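Novice: What follows is query-v5.cif; its format and atoms are mmCIF, C-alpha atoms.
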```cif
data_my_file
loop_
_atom_site.label_atom_id
_atom_site.label_comp_id
_atom_site.auth_asym_id
_atom_site.auth_seq_id
_atom_site.Cartn_x
_atom_site.Cartn_y
_atom_site.Cartn_z
CA MET O 5 7.09 -58.35 67.40
CA THR O 6 8.59 -55.22 65.84
CA THR O 7 6.95 -51.79 65.87
CA ALA O 8 6.63 -51.89 62.07
CA ALA O 9 4.75 -55.19 62.26
CA VAL O 10 2.31 -53.72 64.81
CA GLN O 11 1.73 -50.59 62.74
CA ALA O 12 1.20 -52.44 59.43
CA PRO O 13 -2.41 -53.59 60.13
CA ALA O 14 -3.31 -50.06 61.23
CA ARG O 15 -1.97 -48.66 57.94
CA VAL O 16 -3.94 -51.28 56.00
CA ARG O 17 -7.14 -50.35 57.84
CA ALA O 18 -6.50 -46.65 57.22
CA THR O 19 -5.91 -47.30 53.53
CA GLY O 20 -9.04 -49.44 53.34
CA GLY O 21 -11.12 -46.77 55.04
CA ARG O 22 -9.79 -44.07 52.71
CA ARG O 23 -10.53 -46.24 49.67
CA TYR O 24 -14.05 -46.93 50.97
CA ARG O 25 -14.74 -43.21 51.35
CA GLN O 26 -13.35 -42.43 47.90
CA ILE O 27 -15.52 -45.06 46.20
CA LEU O 28 -18.54 -44.01 48.25
CA TRP O 29 -18.10 -40.40 47.18
CA LEU O 30 -17.54 -41.40 43.54
CA LEU O 31 -20.75 -43.44 43.40
CA THR O 32 -22.71 -40.77 45.25
CA THR O 33 -21.68 -37.98 42.90
CA ARG O 34 -22.41 -40.26 39.95
CA ASP O 35 -25.93 -40.83 41.27
CA LEU O 36 -26.52 -37.10 41.69
CA ARG O 37 -25.21 -36.28 38.20
CA VAL O 38 -27.34 -38.98 36.57
CA ARG O 39 -30.41 -37.92 38.53
CA TYR O 40 -30.26 -34.28 37.46
CA SER O 41 -28.44 -34.39 34.11
CA THR O 42 -31.64 -34.86 32.09
CA SER O 43 -33.76 -32.55 34.24
CA ALA O 44 -34.29 -28.91 33.32
CA LEU O 45 -35.04 -27.92 36.92
CA GLY O 46 -32.32 -30.13 38.39
CA TYR O 47 -31.84 -29.44 42.10
CA LEU O 48 -35.24 -27.76 42.37
CA TRP O 49 -36.97 -31.12 41.98
CA SER O 50 -35.40 -32.29 45.25
CA ILE O 51 -37.21 -29.54 47.18
CA LEU O 52 -40.35 -29.19 45.07
CA ASP O 53 -42.04 -32.30 46.50
CA PRO O 54 -41.65 -31.34 50.20
CA LEU O 55 -42.61 -27.75 49.40
CA VAL O 56 -45.83 -28.83 47.69
CA MET O 57 -46.66 -31.20 50.57
CA ALA O 58 -45.90 -28.52 53.15
CA GLY O 59 -48.04 -26.04 51.21
CA ILE O 60 -50.99 -28.43 51.16
CA TYR O 61 -50.81 -29.20 54.88
CA TRP O 62 -50.27 -25.53 55.72
CA PHE O 63 -53.38 -24.58 53.72
CA VAL O 64 -55.53 -27.37 55.19
CA PHE O 65 -54.53 -26.76 58.82
CA THR O 66 -54.42 -22.96 58.74
CA GLN O 67 -57.01 -21.90 56.16
CA VAL O 68 -59.56 -24.73 56.07
CA PHE O 69 -59.56 -26.16 59.60
CA GLN O 70 -58.79 -24.58 62.93
CA ARG O 71 -55.45 -26.11 63.76
CA GLN O 72 -54.81 -27.30 67.31
CA VAL O 73 -51.43 -28.96 66.76
CA GLY O 74 -47.92 -27.76 66.10
CA GLU O 75 -46.23 -24.40 66.61
CA GLU O 76 -46.20 -21.02 64.92
CA PRO O 77 -45.02 -20.28 62.28
CA TYR O 78 -46.60 -23.54 61.12
CA ILE O 79 -44.86 -23.63 57.73
CA VAL O 80 -41.46 -23.69 59.47
CA PHE O 81 -42.77 -26.28 61.92
CA LEU O 82 -43.82 -28.47 58.97
CA LEU O 83 -40.66 -28.10 56.90
CA SER O 84 -38.31 -28.73 59.84
CA ALA O 85 -39.63 -32.31 59.99
CA LEU O 86 -40.81 -32.80 56.41
CA LEU O 87 -37.40 -32.16 54.84
CA PRO O 88 -35.56 -34.78 56.98
CA TRP O 89 -38.48 -37.14 56.40
CA MET O 90 -37.85 -36.88 52.65
CA TRP O 91 -34.24 -37.94 53.28
CA PHE O 92 -35.32 -40.97 55.29
CA ASN O 93 -38.21 -41.91 53.01
CA GLY O 94 -36.20 -41.51 49.81
CA ALA O 95 -33.17 -43.48 50.99
CA VAL O 96 -35.22 -46.38 52.42
CA SER O 97 -37.42 -46.53 49.32
CA ASP O 98 -34.39 -46.61 47.03
CA ALA O 99 -32.70 -49.23 49.25
CA THR O 100 -35.39 -51.73 48.21
CA ARG O 101 -33.76 -51.70 44.74
CA ALA O 102 -30.15 -51.15 45.84
CA PHE O 103 -28.90 -54.57 44.67
CA LEU O 104 -31.46 -55.38 41.99
CA ARG O 105 -30.89 -52.15 40.04
CA GLU O 106 -27.09 -52.53 39.98
CA ALA O 107 -26.93 -56.34 39.97
CA LYS O 108 -24.08 -56.65 37.44
CA LEU O 109 -21.88 -54.11 39.20
CA VAL O 110 -22.61 -55.60 42.63
CA ARG O 111 -21.57 -59.07 41.41
CA SER O 112 -18.54 -58.04 39.37
CA THR O 113 -16.85 -55.54 41.69
CA LYS O 114 -14.86 -56.30 44.84
CA ILE O 115 -15.81 -53.15 46.75
CA PRO O 116 -17.60 -53.57 50.10
CA ARG O 117 -21.25 -54.18 49.28
CA THR O 118 -22.48 -51.89 52.07
CA ILE O 119 -21.48 -49.04 49.75
CA TRP O 120 -24.52 -49.76 47.56
CA VAL O 121 -26.76 -48.82 50.48
CA ASN O 122 -24.63 -46.08 52.01
CA ARG O 123 -24.38 -44.20 48.70
CA LEU O 124 -28.17 -43.80 48.80
CA VAL O 125 -28.04 -42.51 52.36
CA LEU O 126 -25.31 -40.02 51.43
CA SER O 127 -26.91 -38.81 48.18
CA LYS O 128 -30.28 -38.20 49.86
CA GLY O 129 -28.44 -36.56 52.76
CA ILE O 130 -26.73 -34.15 50.37
CA GLU O 131 -30.11 -33.29 48.86
CA PHE O 132 -31.37 -32.60 52.38
CA LEU O 133 -28.45 -30.28 53.12
CA LEU O 134 -29.13 -28.42 49.87
CA SER O 135 -32.71 -27.88 50.98
CA ILE O 136 -31.77 -26.20 54.27
CA PRO O 137 -31.49 -22.73 52.61
CA VAL O 138 -35.16 -23.09 51.62
CA LEU O 139 -36.10 -23.72 55.25
CA ALA O 140 -33.96 -20.74 56.27
CA ALA O 141 -35.75 -18.53 53.73
CA PHE O 142 -39.18 -19.50 55.08
CA ALA O 143 -37.94 -18.92 58.63
CA ILE O 144 -36.76 -15.40 57.74
CA VAL O 145 -39.96 -14.51 55.88
CA SER O 146 -42.24 -15.86 58.63
CA GLY O 147 -40.24 -14.34 61.46
CA ALA O 148 -39.01 -17.55 63.07
CA SER O 149 -35.78 -17.16 65.03
CA LEU O 150 -33.05 -19.63 65.87
CA THR O 151 -32.71 -21.01 69.37
CA ALA O 152 -29.78 -22.58 71.22
CA GLY O 153 -31.07 -25.90 69.89
CA VAL O 154 -29.41 -25.20 66.54
CA ALA O 155 -26.19 -26.45 68.18
CA LEU O 156 -27.78 -29.93 68.16
CA LEU O 157 -28.06 -30.00 64.36
CA PRO O 158 -24.84 -32.04 63.89
CA LEU O 159 -26.22 -34.62 66.35
CA ALA O 160 -29.46 -34.76 64.37
CA LEU O 161 -27.55 -35.32 61.12
CA LEU O 162 -25.46 -38.09 62.69
CA MET O 163 -28.50 -39.75 64.25
CA GLN O 164 -30.38 -39.66 60.95
CA ALA O 165 -27.45 -41.09 58.99
CA VAL O 166 -27.12 -43.96 61.50
CA LEU O 167 -30.87 -44.66 61.51
CA THR O 168 -31.29 -44.50 57.73
CA ALA O 169 -28.23 -46.66 57.06
CA GLY O 170 -29.42 -49.24 59.59
CA VAL O 171 -32.89 -49.54 58.06
CA GLY O 172 -31.42 -49.59 54.54
CA LEU O 173 -29.01 -52.40 55.41
CA ILE O 174 -31.94 -54.46 56.71
CA VAL O 175 -34.25 -53.79 53.77
CA ALA O 176 -31.82 -54.03 50.85
CA PRO O 177 -30.77 -57.70 51.19
CA LEU O 178 -34.18 -58.96 52.36
CA VAL O 179 -35.95 -57.56 49.28
CA VAL O 180 -33.71 -59.75 47.12
CA PHE O 181 -35.27 -62.85 48.70
CA PHE O 182 -38.79 -61.50 49.27
CA ARG O 183 -39.73 -59.28 46.34
CA ASP O 184 -43.12 -58.41 47.83
CA LEU O 185 -41.25 -56.67 50.62
CA GLU O 186 -40.63 -53.75 48.25
CA ARG O 187 -44.35 -52.94 48.18
CA ALA O 188 -44.68 -53.67 51.88
CA VAL O 189 -41.95 -51.12 52.64
CA LYS O 190 -43.85 -48.45 50.70
CA LEU O 191 -46.98 -49.17 52.73
CA ILE O 192 -45.01 -49.11 55.99
CA LEU O 193 -43.43 -45.77 55.06
CA ARG O 194 -46.84 -44.33 54.26
CA PHE O 195 -48.09 -45.45 57.68
CA LEU O 196 -44.92 -44.17 59.35
CA PHE O 197 -45.48 -40.70 57.88
CA TYR O 198 -48.65 -40.30 59.93
CA ALA O 199 -47.25 -42.22 62.90
CA SER O 200 -44.41 -39.70 63.18
CA PRO O 201 -44.60 -36.08 64.39
CA ILE O 202 -44.51 -34.32 61.02
CA ILE O 203 -47.84 -32.51 60.83
CA TYR O 204 -48.15 -32.53 64.61
CA SER O 205 -45.86 -32.34 67.64
CA ALA O 206 -44.92 -35.13 70.01
CA ARG O 207 -46.40 -32.92 72.74
CA ASP O 208 -49.81 -33.19 71.03
CA LEU O 209 -50.00 -36.93 71.75
CA PRO O 210 -52.19 -38.24 74.59
CA GLU O 211 -50.21 -38.75 77.77
CA GLY O 212 -50.41 -42.54 77.57
CA LEU O 213 -48.84 -42.68 74.10
CA HIS O 214 -45.84 -40.48 74.81
CA ALA O 215 -43.68 -43.19 76.37
CA TRP O 216 -44.41 -45.65 73.55
CA ALA O 217 -43.86 -43.05 70.84
CA ALA O 218 -40.19 -42.86 71.78
CA PHE O 219 -39.66 -46.30 70.24
CA ASN O 220 -40.26 -44.71 66.87
CA PRO O 221 -36.80 -43.10 66.55
CA LEU O 222 -38.20 -40.43 64.22
CA PHE O 223 -39.83 -38.81 67.26
CA GLY O 224 -36.46 -38.12 68.84
CA LEU O 225 -34.92 -37.19 65.50
CA PHE O 226 -37.56 -34.58 64.64
CA SER O 227 -37.36 -33.28 68.20
CA LEU O 228 -33.70 -32.46 67.53
CA TYR O 229 -34.36 -30.77 64.21
CA ARG O 230 -37.29 -28.69 65.47
CA SER O 231 -35.38 -27.53 68.53
CA SER O 232 -33.43 -25.24 66.17
CA PHE O 233 -36.52 -23.01 65.94
CA PHE O 234 -38.81 -24.25 68.71
CA GLY O 235 -36.97 -24.77 71.98
CA SER O 236 -39.96 -26.43 73.65
CA GLU O 237 -39.86 -29.23 71.07
CA PHE O 238 -36.64 -30.68 72.49
CA ASP O 239 -37.40 -33.79 74.54
CA PRO O 240 -34.37 -35.53 76.12
CA TYR O 241 -36.33 -38.75 76.65
CA LEU O 242 -37.39 -38.98 72.99
CA VAL O 243 -33.88 -38.14 71.82
CA GLY O 244 -32.19 -40.63 74.15
CA VAL O 245 -34.48 -43.54 73.26
CA GLY O 246 -34.41 -42.58 69.58
CA ALA O 247 -30.60 -42.49 69.52
CA ALA O 248 -30.42 -45.91 71.22
CA MET O 249 -32.95 -47.32 68.72
CA SER O 250 -30.95 -45.88 65.81
CA VAL O 251 -27.72 -47.50 67.00
CA ALA O 252 -29.56 -50.79 67.61
CA LEU O 253 -31.05 -50.72 64.10
CA LEU O 254 -27.60 -50.08 62.62
CA ALA O 255 -26.16 -53.03 64.54
CA ILE O 256 -29.04 -55.24 63.37
CA GLY O 257 -28.60 -53.98 59.82
CA LEU O 258 -24.89 -54.82 59.77
CA LEU O 259 -25.63 -58.27 61.20
CA VAL O 260 -28.39 -59.00 58.66
CA PHE O 261 -26.19 -57.75 55.86
CA ALA O 262 -23.20 -59.87 56.91
CA ARG O 263 -25.35 -63.00 57.26
CA THR O 264 -27.06 -62.59 53.86
CA GLU O 265 -24.32 -61.11 51.65
CA ARG O 266 -23.21 -64.37 50.01
CA ALA O 267 -26.77 -65.52 49.42
CA VAL O 268 -27.63 -62.14 47.90
CA LEU O 269 -24.76 -62.43 45.40
CA LYS O 270 -26.04 -65.85 44.34
CA GLU O 271 -29.66 -64.67 44.08
CA ILE O 272 -29.05 -61.59 41.94
#
```
Take the structure in this file and express it as C-alpha cells.
Specialist:
Amino acid sequence: MTTAAVQAPARVRATGGRRYRQILWLLTTRDLRVRYSTSALGYLWSILDPLVMAGIYWFVFTQVFQRQVGEEPYIVFLLSALLPWMWFNGAVSDATRAFLREAKLVRSTKIPRTIWVNRLVLSKGIEFLLSIPVLAAFAIVSGASLTAGVALLPLALLMQAVLTAGVGLIVAPLVVFFRDLERAVKLILRFLFYASPIIYSARDLPEGLHAWAAFNPLFGLFSLYRSSFFGSEFDPYLVGVGAAMSVALLAIGLLVFARTERAVLKEI
C-alpha cells in the first residue's frame, strides 16, 4: 500500500472534522443572533436571570436568616456555581426540543445530527463565558481574590462541555419517542438544582452523604469552578468521580444517539 493511500483516510477525517466545526459554529452564531436580534437588552438577558436568583438567595441567607453554609463573600460563592448551572440547565432544557423544533432541517440535511445538540451546548457555553466579567466585577467589589485554583478553569470548562453534551445526547432523541419526558426533565432539573452545591458547599453535607454526592458530577464541577476564589472548595475525590461520570455519560449519550438516530428521523 502506498504512502498516499495511507494518508488519504486521514485527510478525509481532517476535512470532515473541519467541516463539522464550521457548520457547528455557523448554527451556533445563528442561534445567538436570532435569540438577541429582537431583544432590546440583548446579552444582558443572559445574565439577568442568574443575577436575580443570586440576589434573592444572597438576601435570604444573609439578611433574613443566619447563614451557616457557604463561604464569604457569599455573592461570589453563589455566582461561581449559579452561572455554570445556567449553562447546564439551559442546554439540557433546550435539548428536549433539539429535533422537534428543527424537524425539517434535521430530516433534509446530511450534516451529522449530533450538531443539533452540540450547537446548544456551545451557544449556552458562549453565554456563560460572556457572563464571567460579571462574576469578576462582583469579586472585585466584594474583595474576593483569585487563588491558584484559577488554573483549573480550562479543566472545568472541558468537564462541563463533556457532561452537558452527554446528557443532551441522551435526552434529545428519547424525547422524540416519549414526549412526556420533556416535562420530566424540567422536574429533574428543578430537583437537581437543590441536590447540587449551588446555595451550599459540598463540605456542608453530612459526613455520610459526601461519598454518594460525588456521583452527581455537578459536585466535582462546581468544586473546580469555586476553587478559583475559594481554595478549600477543591475536592480531588469529587472532581475525579465527577470527571469519570461525565465521560461515562458522554459515552452513553453517543451510544443512545447512534442506536436511535434512524428511528428519530422516521418519527419526526
Novice: Please give the centre and size of the box around region 233-236 of chain O (axis-aligned, containing every atom listed in the file, 6 Å added per side), with values in Å to one decimal and written as lines of an AutoDock Vina configuration file.
Specialist:
```
center_x = -38.2
center_y = -24.7
center_z = 69.8
size_x = 15.4
size_y = 15.4
size_z = 19.7
```
Novice: When the PyMOL selection byres ((chain O and resi 152) around 10) is applied to the structure above, which residues does it catch, written out as a list of chain:residue names?
Specialist: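 Selected by the PyMOL selection byres ((chain O and resi 152) around 10) here: O:Leu150, O:Thr151, O:Gly153, O:Val154, O:Ala155, O:Leu156, O:Ser231, O:Ser232, O:Phe233, O:Phe234, O:Gly235.
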Novice: Neighbours of region 249-254 of chain O within 8 Å (only C-alpha atoms; same-chain residues fewer than 5 positions away dropped), as a list in words?
Specialist: Met163, Gln164, Val166, Leu167, Ala169, Gly170, Val171, Leu173, Phe219, Asn220 and Pro221 of chain O
Novice: Can you write just those residues out, C-alpha atoms, as a PDB file, in the coordinates of the input?
Specialist:
```pdb
ATOM      1  CA  MET O 163     -28.500 -39.750  64.250  1.00  0.00           C
ATOM      2  CA  GLN O 164     -30.380 -39.660  60.950  1.00  0.00           C
ATOM      3  CA  VAL O 166     -27.120 -43.960  61.500  1.00  0.00           C
ATOM      4  CA  LEU O 167     -30.870 -44.660  61.510  1.00  0.00           C
ATOM      5  CA  ALA O 169     -28.230 -46.660  57.060  1.00  0.00           C
ATOM      6  CA  GLY O 170     -29.420 -49.240  59.590  1.00  0.00           C
ATOM      7  CA  VAL O 171     -32.890 -49.540  58.060  1.00  0.00           C
ATOM      8  CA  LEU O 173     -29.010 -52.400  55.410  1.00  0.00           C
ATOM      9  CA  PHE O 219     -39.660 -46.300  70.240  1.00  0.00           C
ATOM     10  CA  ASN O 220     -40.260 -44.710  66.870  1.00  0.00           C
ATOM     11  CA  PRO O 221     -36.800 -43.100  66.550  1.00  0.00           C
TER      12      PRO O 221
END
```
Novice: Would you mind reading off the distance between CA of Ile174 (chain O) and CA of Gly257 (chain O), one decimal, in Å?
Specialist: 4.6 Å
Novice: Please identify all polymer residues within 12 Å of Val179 (chain O), counting only C-alpha atoms, omitting same-chain residues fewer than 3 positions from it, and present them as number ranges by chain.
Specialist: O: 96-105, 172-176, 182-189, 261, 264, 268, 271-272
Novice: Output the selection as a short mmCIF file (atom, residue, chain, number, x, y, z; two decimals), in the coordinates of the input - C-alpha atoms for each residue.
Specialist:
```
data_model
loop_
_atom_site.label_atom_id
_atom_site.label_comp_id
_atom_site.auth_asym_id
_atom_site.auth_seq_id
_atom_site.Cartn_x
_atom_site.Cartn_y
_atom_site.Cartn_z
CA VAL O 96 -35.22 -46.38 52.42
CA SER O 97 -37.42 -46.53 49.32
CA ASP O 98 -34.39 -46.61 47.03
CA ALA O 99 -32.70 -49.23 49.25
CA THR O 100 -35.39 -51.73 48.21
CA ARG O 101 -33.76 -51.70 44.74
CA ALA O 102 -30.15 -51.15 45.84
CA PHE O 103 -28.90 -54.57 44.67
CA LEU O 104 -31.46 -55.38 41.99
CA ARG O 105 -30.89 -52.15 40.04
CA GLY O 172 -31.42 -49.59 54.54
CA LEU O 173 -29.01 -52.40 55.41
CA ILE O 174 -31.94 -54.46 56.71
CA VAL O 175 -34.25 -53.79 53.77
CA ALA O 176 -31.82 -54.03 50.85
CA PHE O 182 -38.79 -61.50 49.27
CA ARG O 183 -39.73 -59.28 46.34
CA ASP O 184 -43.12 -58.41 47.83
CA LEU O 185 -41.25 -56.67 50.62
CA GLU O 186 -40.63 -53.75 48.25
CA ARG O 187 -44.35 -52.94 48.18
CA ALA O 188 -44.68 -53.67 51.88
CA VAL O 189 -41.95 -51.12 52.64
CA PHE O 261 -26.19 -57.75 55.86
CA THR O 264 -27.06 -62.59 53.86
CA VAL O 268 -27.63 -62.14 47.90
CA GLU O 271 -29.66 -64.67 44.08
CA ILE O 272 -29.05 -61.59 41.94
#
```
Novice: Nearest residue to Leu157 (chain O) out of O:Val180, O:Leu228, O:Leu209, O:Leu126, using all atoms listed in the file?
Specialist: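 Closest residue, counting all atoms listed in the file: O:Leu228.
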Novice: Separation of CA of Phe197 (chain O) and CA of Pro88 (chain O), in Å?
Specialist: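 Distance reported for this atom pair: 11.6 Å.
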Novice: Once the PyMOL selection byres ((chain O and resi 31-36) around 12) is applied to the coordinates I shared, what remains selected? I want it as JSON, numbers by chain.
Specialist: {"O": [24, 25, 26, 27, 28, 29, 30, 37, 38, 39, 40, 41, 42, 43, 46, 47, 50, 98, 106, 109, 115, 119, 120, 121, 122, 123, 124, 125, 126, 127, 128, 129, 130, 131]}
Novice: Mind giving me the straight-line distance from CA of Ala255 (chain O) to CA of Ser112 (chain O) in Å, one decimal?
Specialist: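 If I compute the distance from CA of Ala255 (chain O) to CA of Ser112 (chain O), I get 26.8 Å.
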Novice: Which of these residues is nearest to Phe65 (chain O), using all atoms listed in the file: O:Arg194, O:Ile79, O:Leu52, O:Ile144?
Specialist: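 Under the stated criterion, the closest residue is O:Ile79.
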Novice: Give as a VMD selection string each residue that has an atom at most 10 Å from (-46.8, -25.7, 62.8) in the file, counting only C-alpha atoms.
Specialist: chain O and resid 61 to 62 65 to 66 71 to 84 202 to 205
Novice: Pick from O:Ile136, O:Ala248, O:Ala199, O:Ala206: nearest to Phe226 (chain O), with only C-alpha atoms counted?
Specialist: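 Smallest distance to Phe226 (chain O) is found for O:Ala206.
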Novice: Find the residues around Leu222 (chain O) up to 9 Å (only C-alpha atoms counted), leave out those fewer than 4 positions away in its own chain, and share them as a list in words.
Specialist: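 Using only C-alpha atoms, the neighbours found are Trp89, Gln164, Leu167, Ser200, Pro201, Ala218, Phe226, Ser227, Leu242 and Gly246 of chain O.
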Novice: Some atoms are missing, so please complete region 112-128 of chain O with N, CA and C atoms and return it as a PDB file, in the frame of the given file.
Specialist:
```pdb
ATOM      1  N   SER O 112     -19.849 -58.050  40.044  1.00  0.00           N
ATOM      2  CA  SER O 112     -18.540 -58.040  39.370  1.00  0.00           C
ATOM      3  C   SER O 112     -17.465 -57.251  40.087  1.00  0.00           C
ATOM      4  N   THR O 113     -17.842 -56.357  40.997  1.00  0.00           N
ATOM      5  CA  THR O 113     -16.850 -55.540  41.690  1.00  0.00           C
ATOM      6  C   THR O 113     -16.507 -56.130  43.052  1.00  0.00           C
ATOM      7  N   LYS O 114     -15.339 -55.787  43.556  1.00  0.00           N
ATOM      8  CA  LYS O 114     -14.860 -56.300  44.840  1.00  0.00           C
ATOM      9  C   LYS O 114     -15.016 -55.290  45.976  1.00  0.00           C
ATOM     10  N   ILE O 115     -15.651 -54.162  45.695  1.00  0.00           N
ATOM     11  CA  ILE O 115     -15.810 -53.150  46.750  1.00  0.00           C
ATOM     12  C   ILE O 115     -16.790 -53.637  47.800  1.00  0.00           C
ATOM     13  N   PRO O 116     -16.667 -53.147  49.046  1.00  0.00           N
ATOM     14  CA  PRO O 116     -17.600 -53.570  50.100  1.00  0.00           C
ATOM     15  C   PRO O 116     -19.047 -53.301  49.682  1.00  0.00           C
ATOM     16  N   ARG O 117     -19.886 -54.307  49.806  1.00  0.00           N
ATOM     17  CA  ARG O 117     -21.250 -54.180  49.280  1.00  0.00           C
ATOM     18  C   ARG O 117     -22.120 -53.221  50.101  1.00  0.00           C
ATOM     19  N   THR O 118     -21.707 -52.873  51.310  1.00  0.00           N
ATOM     20  CA  THR O 118     -22.480 -51.890  52.070  1.00  0.00           C
ATOM     21  C   THR O 118     -22.503 -50.535  51.368  1.00  0.00           C
ATOM     22  N   ILE O 119     -21.540 -50.303  50.489  1.00  0.00           N
ATOM     23  CA  ILE O 119     -21.480 -49.040  49.750  1.00  0.00           C
ATOM     24  C   ILE O 119     -22.746 -48.820  48.939  1.00  0.00           C
ATOM     25  N   TRP O 120     -23.352 -49.902  48.423  1.00  0.00           N
ATOM     26  CA  TRP O 120     -24.520 -49.760  47.560  1.00  0.00           C
ATOM     27  C   TRP O 120     -25.733 -49.245  48.335  1.00  0.00           C
ATOM     28  N   VAL O 121     -25.713 -49.406  49.641  1.00  0.00           N
ATOM     29  CA  VAL O 121     -26.760 -48.820  50.480  1.00  0.00           C
ATOM     30  C   VAL O 121     -26.324 -47.441  50.970  1.00  0.00           C
ATOM     31  N   ASN O 122     -25.095 -47.334  51.426  1.00  0.00           N
ATOM     32  CA  ASN O 122     -24.630 -46.080  52.010  1.00  0.00           C
ATOM     33  C   ASN O 122     -24.571 -44.944  50.996  1.00  0.00           C
ATOM     34  N   ARG O 123     -24.384 -45.266  49.720  1.00  0.00           N
ATOM     35  CA  ARG O 123     -24.380 -44.200  48.700  1.00  0.00           C
ATOM     36  C   ARG O 123     -25.759 -43.558  48.601  1.00  0.00           C
ATOM     37  N   LEU O 124     -26.817 -44.353  48.827  1.00  0.00           N
ATOM     38  CA  LEU O 124     -28.170 -43.800  48.800  1.00  0.00           C
ATOM     39  C   LEU O 124     -28.403 -42.894  50.007  1.00  0.00           C
ATOM     40  N   VAL O 125     -27.915 -43.319  51.152  1.00  0.00           N
ATOM     41  CA  VAL O 125     -28.040 -42.510  52.360  1.00  0.00           C
ATOM     42  C   VAL O 125     -27.312 -41.180  52.184  1.00  0.00           C
ATOM     43  N   LEU O 126     -26.103 -41.238  51.601  1.00  0.00           N
ATOM     44  CA  LEU O 126     -25.310 -40.020  51.430  1.00  0.00           C
ATOM     45  C   LEU O 126     -25.910 -39.101  50.377  1.00  0.00           C
ATOM     46  N   SER O 127     -26.357 -39.655  49.240  1.00  0.00           N
ATOM     47  CA  SER O 127     -26.910 -38.810  48.180  1.00  0.00           C
ATOM     48  C   SER O 127     -28.188 -38.106  48.644  1.00  0.00           C
ATOM     49  N   LYS O 128     -29.067 -38.829  49.343  1.00  0.00           N
ATOM     50  CA  LYS O 128     -30.280 -38.200  49.860  1.00  0.00           C
ATOM     51  C   LYS O 128     -29.937 -37.205  50.973  1.00  0.00           C
TER      52      LYS O 128
END
```
